[in-house]
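Contents: one structure, followed by commentary.
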Amino acid sequence: MKAKRTLKKISVMALAAGAAVLFLGLGNAYAKKPLTAAEAEDQQKMLMDMVRKGDELWHSDKLGSNGLACGNCHPDASATNPHTWPKYQGNLGKVGTLRDMNNWCIIVPMQGSPIDVSSDEMIAMEAYATYMHRGVKIAPAKDEQHGAGPVKSGPGYPTGDDGNR
Amino acid sequence: MMSKLTRRDFLGLSFKAGAATMLAGLVMPSAGSIVGLGGVAQAATRKITPFTFAVLTDSHLYDIPDHKFDAILAKGVADVNNMNPLPDFVLYAGDLGQLGKEAELVKGKKILDKLKVPYRIIPGEHDWYLDMGKSWKGLFGDEHWSMDHKGVHIIGMNSILVPDYWSMKSLTPEERMGLIAELECHQCGAWGVQQKQLEWLEADVKKLRPDTPLVIMTHSPLWDYYPRWNFQTSDAPEIRSILRKFDKVMAIHGHIHQVAYNQIGNMVSAGMMSTSWPWPYPPVKLPYPDIRMNRANPGDIEDGLGSHALALGENFDGVLHYRAFSDALPDNVKRGVRL
């Protein structure tokens with residue numbers, strides 16, 4: 001008898017706890033309101049600031065020591081194919097990321113020092129290369145023989161200053 | 001003069017000619033082992049004394065001692081010097097320097113001067129926009145020229161002249177150069193040879209008979225390939241119109257750092273490999289997709305780079321040999337491209 005009551009008590013408590021979790025969960029879901037237009041714009045601006053910073057770094061001769069920039073060989077971040085990483089890359093000799101490959105290019109063709117893979121600089125370069133490939137289907141390891149794969153002929157992204165980049 | 005035909009007329013005419021050629025391309029498979037259509041080659045130009053010339057281009061030298069690109073240009077020069085028999089001369093299609101510095105051009109000239117045969121050169125945008133061609137002209141002379149060799153009339157022109165994008169913004173010469181040194185410069189605008197050179201060209205070819213074999217070299221292609229990267233020459237339609245009277249015109253160009261081929265009307269065009277770095281093919285269809293190079297391996301410093309030899313036969317039938325420094329070519333291109 002006693003045991004049965006205890007069991008009942010426990011199951012009631014469990015139910016209550018479950019309900020509380022459910023309530024809290026729902027509460028959280030509802031607590032987060034959709035972004036206001038201003039917030040969304042703000043977040044987009046932060047992304048575009050990174051894209052622009054990445055574009056600047058991409059075309060800067062400061063990452064290497066021999067005058068070369070990423071943009072020498074990869075105009076519009078072409079042939080970087082961000083949609084194909086991670087993948088096995090022969091020069092890396094392993095399955096790596098676009099950030100690893102960026103560093104490989106900085107070290108080998110550009111004769112510079114690698115940068116921290118989680119630094120703002122690296123994120124900015126990834127943001128630029130990826131933004132230039134927006135809309136391209138994710139296709140790990142697929143790397144077409146001579147696909148440049150940047151933006152279609154047309155605007156890369158709006159700079160607001162000199163028109164399209 | 002140019003007054004009687006509008007630009008629209010030029011475009012219309014060249015489009016029709018281009019379309020006819022492309023149709024011919026669809027029904028006529030390339031003959032023998034050598035790629036290229038050979039359609040234009042059947043035109044009856046005057047006979048010439050066969051000869052070979054070489055092409056080097058796009059070395060993008062930096063003002064840094066013992067830079068790796070110095071050695072690759074030197075390799076191109078050595079390759080030409082080792083050709084047997086030697087070519088009659090070398091054409092250099094622009095972008096000897098990277099940032100237009102006199103020191104870059106002086107260094108490049110020193111390396112080119114080791115060629116055992118004479119060379120003729122035209123400027124690219126990287127040679128030009130620091131001092132608007134002052135150093136380049138001081139070292140190499142006229143930006144446009146023509147010469148006659150064994151029955152062939154050869155023309156070189158400066159195709160990288162853009163409208164002023166710097167004065168309004170008060171850019172320094174370094175800023176002006178820095179912008180146009182980016183392939184995807186969108187402030188710089190579309191370049192061309194501009195009116196003065198069109199008039200010069202018209203006068204230069206005025207007295208030539210239509211059966212004169214003609215070679216023209218520009219830095220940029222004389223066709224709209226990928227304008228976003230200035231893979232174009234804005235007044236190419238006018239140039240093609242001026243040269244339309246000739247039975248056959250061979251156009252060779254640098255700037256694109258890759259193997260490419262096109263044919264519009266009486267003009268066959270070929271893009272040259274660089275001695276600095278290869279460029280990916282832009283995201284548009286090649287007009288002749290079989291004539292291309294493989295994607296380069298960045299781990300191989302010489303991949304996608306090379307020199308060129310263009311052998312001209314007595315009927316002004318040309319075979320262009322891309323001499324890749326590494327294994328960059330599909331077999332059909334290795335065998336030579338008919339121009």
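Following the order of the structure tokens, chains are lettered A, B, ..., residues in each are numbered from 1, and ligands are numbered from 1.
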
Per-residue DSSP, region 238-299 of chain B, filtered to helix (DSSP H, G or I), as a PyMOL selection string: chain B and resi 238-242

Closest-contact table, chain B side, partner chain A, 9 Å, counting only C-alpha atoms, as JSON lines:
```
{"residue": "B:Tyr62", "atom": "CA", "partner": "A:Gly67", "partner_atom": "CA", "distance": 7.1}
{"residue": "B:Asp63", "atom": "CA", "partner": "A:Gly67", "partner_atom": "CA", "distance": 8.9}
{"residue": "B:Ile64", "atom": "CA", "partner": "A:Asn66", "partner_atom": "CA", "distance": 7.3}
{"residue": "B:His67", "atom": "CA", "partner": "A:Asn66", "partner_atom": "CA", "distance": 7.1}
{"residue": "B:Lys68", "atom": "CA", "partner": "A:Asn66", "partner_atom": "CA", "distance": 8.5}
{"residue": "B:Ala181", "atom": "CA", "partner": "A:Asn72", "partner_atom": "CA", "distance": 8.9}
{"residue": "B:Glu182", "atom": "CA", "partner": "A:Gly71", "partner_atom": "CA", "distance": 7.3}
{"residue": "B:Leu183", "atom": "CA", "partner": "A:Pro75", "partner_atom": "CA", "distance": 6.2}
{"residue": "B:Glu184", "atom": "CA", "partner": "A:Pro75", "partner_atom": "CA", "distance": 6.2}
{"residue": "B:Cys185", "atom": "CA", "partner": "A:Arg165", "partner_atom": "CA", "distance": 7.8}
{"residue": "B:His186", "atom": "CA", "partner": "A:Arg165", "partner_atom": "CA", "distance": 6.1}
{"residue": "B:Gln187", "atom": "CA", "partner": "A:Asp162", "partner_atom": "CA", "distance": 6.6}
{"residue": "B:Tyr226", "atom": "CA", "partner": "A:Ser153", "partner_atom": "CA", "distance": 7.6}
{"residue": "B:Pro227", "atom": "CA", "partner": "A:Ser153", "partner_atom": "CA", "distance": 8.2}
{"residue": "B:Arg228", "atom": "CA", "partner": "A:Ser153", "partner_atom": "CA", "distance": 6.5}
{"residue": "B:Trp229", "atom": "CA", "partner": "A:Pro75", "partner_atom": "CA", "distance": 8.2}
{"residue": "B:Trp277", "atom": "CA", "partner": "A:Cys73", "partner_atom": "CA", "distance": 6.5}
{"residue": "B:Pro278", "atom": "CA", "partner": "A:Cys73", "partner_atom": "CA", "distance": 6.8}
{"residue": "B:Trp279", "atom": "CA", "partner": "A:Cys73", "partner_atom": "CA", "distance": 5.9}
{"residue": "B:Pro280", "atom": "CA", "partner": "A:Ala148", "partner_atom": "CA", "distance": 5.3}
{"residue": "B:Tyr281", "atom": "CA", "partner": "A:Ala148", "partner_atom": "CA", "distance": 5.6}
{"residue": "B:Pro282", "atom": "CA", "partner": "A:Ala148", "partner_atom": "CA", "distance": 5.5}
{"residue": "B:Pro283", "atom": "CA", "partner": "A:Ala148", "partner_atom": "CA", "distance": 5.8}
{"residue": "B:Val284", "atom": "CA", "partner": "A:Ser153", "partner_atom": "CA", "distance": 7.9}
{"residue": "B:Met293", "atom": "CA", "partner": "A:His146", "partner_atom": "CA", "distance": 8.5}
{"residue": "B:Asn294", "atom": "CA", "partner": "A:His146", "partner_atom": "CA", "distance": 6.8}
{"residue": "B:Arg295", "atom": "CA", "partner": "A:His146", "partner_atom": "CA", "distance": 5.3}
{"residue": "B:Ala296", "atom": "CA", "partner": "A:His146", "partner_atom": "CA", "distance": 8.8}
{"residue": "B:Asn297", "atom": "CA", "partner": "A:Asn91", "partner_atom": "CA", "distance": 8.6}
{"residue": "B:Pro298", "atom": "CA", "partner": "A:Pro109", "partner_atom": "CA", "distance": 7.4}
{"residue": "B:Gly299", "atom": "CA", "partner": "A:Asn91", "partner_atom": "CA", "distance": 6.3}
{"residue": "B:Ile301", "atom": "CA", "partner": "A:Pro109", "partner_atom": "CA", "distance": 7.8}
```

Can you write out the residues you just picked, keeping N, CA and C atoms, as a compact mmCIF listing (two decimals), in the first residue's frame?
```txt
# COMPACT_ATOMS: atom_id res chain seq x y z
N TYR B 62 58.32 41.74 -59.42
CA TYR B 62 58.29 42.63 -58.26
C TYR B 62 59.66 43.25 -58.05
N ASP B 63 59.65 44.41 -57.41
CA ASP B 63 60.91 45.07 -57.07
C ASP B 63 61.44 44.48 -55.77
N ILE B 64 61.67 43.18 -55.78
CA ILE B 64 62.19 42.44 -54.63
C ILE B 64 63.34 41.58 -55.17
N HIS B 67 63.34 37.52 -56.57
CA HIS B 67 61.94 37.09 -56.45
C HIS B 67 61.73 35.86 -57.33
N LYS B 68 60.82 34.97 -56.90
CA LYS B 68 60.66 33.72 -57.64
C LYS B 68 60.21 33.94 -59.08
N ALA B 181 45.77 47.09 -60.27
CA ALA B 181 46.54 45.85 -60.13
C ALA B 181 45.67 44.69 -59.66
N GLU B 182 44.46 45.02 -59.15
CA GLU B 182 43.51 43.95 -58.83
C GLU B 182 42.73 43.61 -60.09
N LEU B 183 42.67 42.33 -60.39
CA LEU B 183 41.99 41.91 -61.62
C LEU B 183 40.52 42.33 -61.60
N GLU B 184 39.92 42.25 -60.39
CA GLU B 184 38.50 42.55 -60.28
C GLU B 184 38.24 43.99 -59.87
N CYS B 185 39.13 44.91 -60.28
CA CYS B 185 38.93 46.33 -59.99
C CYS B 185 37.65 46.83 -60.65
N HIS B 186 36.72 47.31 -59.84
CA HIS B 186 35.46 47.74 -60.44
C HIS B 186 35.33 49.25 -60.53
N GLN B 187 36.34 49.95 -60.00
CA GLN B 187 36.35 51.40 -60.16
C GLN B 187 37.04 51.77 -61.47
N TYR B 226 35.38 37.82 -70.51
CA TYR B 226 34.85 37.98 -69.16
C TYR B 226 35.16 39.41 -68.71
N PRO B 227 34.29 40.33 -69.08
CA PRO B 227 34.56 41.76 -68.83
C PRO B 227 34.81 42.09 -67.36
N ARG B 228 34.21 41.32 -66.44
CA ARG B 228 34.43 41.59 -65.01
C ARG B 228 35.91 41.60 -64.66
N TRP B 229 36.71 40.78 -65.32
CA TRP B 229 38.16 40.75 -65.09
C TRP B 229 38.91 41.46 -66.23
N TRP B 277 51.75 33.39 -62.60
CA TRP B 277 50.76 32.49 -62.01
C TRP B 277 49.65 32.27 -63.02
N PRO B 278 49.00 31.10 -62.96
CA PRO B 278 47.87 30.86 -63.86
C PRO B 278 46.58 31.40 -63.24
N TRP B 279 45.60 31.75 -64.08
CA TRP B 279 44.32 32.15 -63.53
C TRP B 279 43.29 31.06 -63.76
N PRO B 280 42.36 30.92 -62.80
CA PRO B 280 41.27 29.97 -63.03
C PRO B 280 40.44 30.44 -64.22
N TYR B 281 39.81 29.51 -64.91
CA TYR B 281 38.90 29.92 -65.96
C TYR B 281 37.71 30.62 -65.31
N PRO B 282 37.32 31.76 -65.85
CA PRO B 282 36.19 32.49 -65.26
C PRO B 282 34.89 31.71 -65.46
N PRO B 283 33.86 32.07 -64.68
CA PRO B 283 32.61 31.29 -64.72
C PRO B 283 31.74 31.60 -65.92
N VAL B 284 32.34 31.52 -67.10
CA VAL B 284 31.58 31.62 -68.35
C VAL B 284 32.08 30.51 -69.25
N MET B 293 43.71 24.70 -70.63
CA MET B 293 44.73 23.97 -69.88
C MET B 293 44.08 23.37 -68.64
N ASN B 294 44.80 22.47 -68.01
CA ASN B 294 44.27 21.85 -66.80
C ASN B 294 44.36 22.82 -65.63
N ARG B 295 43.59 22.51 -64.62
CA ARG B 295 43.68 23.33 -63.42
C ARG B 295 45.06 23.10 -62.78
N ALA B 296 45.73 24.20 -62.43
CA ALA B 296 47.10 24.10 -61.95
C ALA B 296 47.14 23.67 -60.48
N ASN B 297 48.20 22.99 -60.15
CA ASN B 297 48.47 22.62 -58.76
C ASN B 297 49.33 23.71 -58.13
N PRO B 298 48.81 24.41 -57.12
CA PRO B 298 49.59 25.51 -56.53
C PRO B 298 50.86 25.03 -55.82
N GLY B 299 50.94 23.71 -55.60
CA GLY B 299 52.15 23.16 -54.98
C GLY B 299 53.30 23.03 -55.97
N ILE B 301 55.34 25.17 -58.52
CA ILE B 301 55.57 26.60 -58.79
C ILE B 301 55.50 26.93 -60.29
```

Those in region 96-298 of chain B with strand (DSSP E or B) from DSSP, as JSON, numbers by chain: {"B": [97, 119, 120, 121, 145, 146, 147, 148, 149, 152, 153, 154, 155, 156, 161, 192, 214, 215, 216, 217, 218, 226, 231, 249, 250, 251, 252, 253, 260, 261, 262, 263, 264, 267, 268, 269, 270, 271, 274]}

Nearby residues (only C-alpha atoms) at most 8 Å from Thr218 (chain B), same-chain spacing under 6 positions excluded, as a VMD selection string: chain B and resid 93 122 156 to 159 251 to 254

Nearest residue to Leu208 (chain B) from the set B:Gly318, B:Pro330, B:Gly151, B:Pro118 (distances using only C-alpha atoms): B:Gly151

Can you pull out every residue within 10 Å of Asn103 (chain A), counting only C-alpha atoms, but drop anything in the same chain fewer than 4 positions away, and send it as a PDB file with N, CA and C atoms, in the first residue's frame?
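Heads up, here's the output in selection-v4.pdb:
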```pdb
ATOM      1  N   LEU A  63      50.142  39.700 -45.813  1.00  0.00           N
ATOM      2  CA  LEU A  63      50.101  38.346 -45.233  1.00  0.00           C
ATOM      3  C   LEU A  63      51.326  37.539 -45.622  1.00  0.00           C
ATOM      4  N   LEU A  92      47.837  19.675 -48.529  1.00  0.00           N
ATOM      5  CA  LEU A  92      47.728  19.561 -47.071  1.00  0.00           C
ATOM      6  C   LEU A  92      48.081  18.146 -46.635  1.00  0.00           C
ATOM      7  N   THR A  97      40.385  22.058 -43.844  1.00  0.00           N
ATOM      8  CA  THR A  97      39.345  23.078 -44.047  1.00  0.00           C
ATOM      9  C   THR A  97      39.877  24.176 -44.958  1.00  0.00           C
ATOM     10  N   LEU A  98      38.963  25.024 -45.394  1.00  0.00           N
ATOM     11  CA  LEU A  98      39.387  26.174 -46.201  1.00  0.00           C
ATOM     12  C   LEU A  98      40.402  27.020 -45.427  1.00  0.00           C
ATOM     13  N   ARG A  99      40.208  27.100 -44.112  1.00  0.00           N
ATOM     14  CA  ARG A  99      41.162  27.893 -43.315  1.00  0.00           C
ATOM     15  C   ARG A  99      42.564  27.273 -43.358  1.00  0.00           C
ATOM     16  N   ILE A 107      51.678  30.307 -46.420  1.00  0.00           N
ATOM     17  CA  ILE A 107      53.023  29.795 -46.127  1.00  0.00           C
ATOM     18  C   ILE A 107      53.810  29.495 -47.411  1.00  0.00           C
ATOM     19  N   VAL A 108      53.188  28.797 -48.359  1.00  0.00           N
ATOM     20  CA  VAL A 108      53.956  28.313 -49.514  1.00  0.00           C
ATOM     21  C   VAL A 108      54.056  29.357 -50.644  1.00  0.00           C
ATOM     22  N   MET A 110      52.934  32.398 -50.856  1.00  0.00           N
ATOM     23  CA  MET A 110      53.126  33.783 -50.418  1.00  0.00           C
ATOM     24  C   MET A 110      54.298  33.946 -49.453  1.00  0.00           C
ATOM     25  N   GLY A 112      54.741  33.527 -46.273  1.00  0.00           N
ATOM     26  CA  GLY A 112      54.458  34.274 -45.045  1.00  0.00           C
ATOM     27  C   GLY A 112      54.291  33.338 -43.859  1.00  0.00           C
ATOM     28  N   SER A 113      53.858  33.913 -42.734  1.00  0.00           N
ATOM     29  CA  SER A 113      53.632  33.107 -41.526  1.00  0.00           C
ATOM     30  C   SER A 113      52.142  32.828 -41.398  1.00  0.00           C
ATOM     31  N   PRO A 114      51.794  31.605 -40.997  1.00  0.00           N
ATOM     32  CA  PRO A 114      50.373  31.255 -40.882  1.00  0.00           C
ATOM     33  C   PRO A 114      49.685  32.137 -39.852  1.00  0.00           C
ATOM     34  N   ILE A 115      48.374  32.329 -40.008  1.00  0.00           N
ATOM     35  CA  ILE A 115      47.636  33.107 -39.003  1.00  0.00           C
ATOM     36  C   ILE A 115      46.724  32.170 -38.230  1.00  0.00           C
ATOM     37  N   ASP A 116      46.384  32.592 -37.017  1.00  0.00           N
ATOM     38  CA  ASP A 116      45.531  31.795 -36.138  1.00  0.00           C
ATOM     39  C   ASP A 116      44.222  31.458 -36.858  1.00  0.00           C
ATOM     40  N   VAL A 117      43.887  30.155 -36.892  1.00  0.00           N
ATOM     41  CA  VAL A 117      42.710  29.755 -37.669  1.00  0.00           C
ATOM     42  C   VAL A 117      41.404  30.279 -37.085  1.00  0.00           C
ATOM     43  N   MET A 122      41.217  35.450 -40.065  1.00  0.00           N
ATOM     44  CA  MET A 122      40.877  34.230 -40.790  1.00  0.00           C
ATOM     45  C   MET A 122      39.372  34.134 -41.031  1.00  0.00           C
TER      46      MET A 122
END
```

Residues near Val193 (chain B), cut-off 12 Å, only C-alpha atoms, skip fewer than 5 positions along chain, as a PyMOL selection string: chain B and resi 122-125+143-144+156-163+198-201+217-222+232-239

Distance in Å - CA of Asn102 (chain A) versus CA of Leu47 (chain A):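 Computing the Euclidean distance for CA of Asn102 (chain A) and CA of Leu47 (chain A) yields 19.6 Å.
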
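The residue that comes closest to Ile111 (chain B), out of B:Ser59, B:Ser146, B:Thr52, B:Asn315 and on the basis of only C-alpha atoms, is B:Ser59.
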
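Distance annotation: of B:Leu91, B:Gln195, B:Val106, B:Leu179, the residue with the minimal separation from Glu56 (chain A) is B:Leu179; atom set is only C-alpha atoms.
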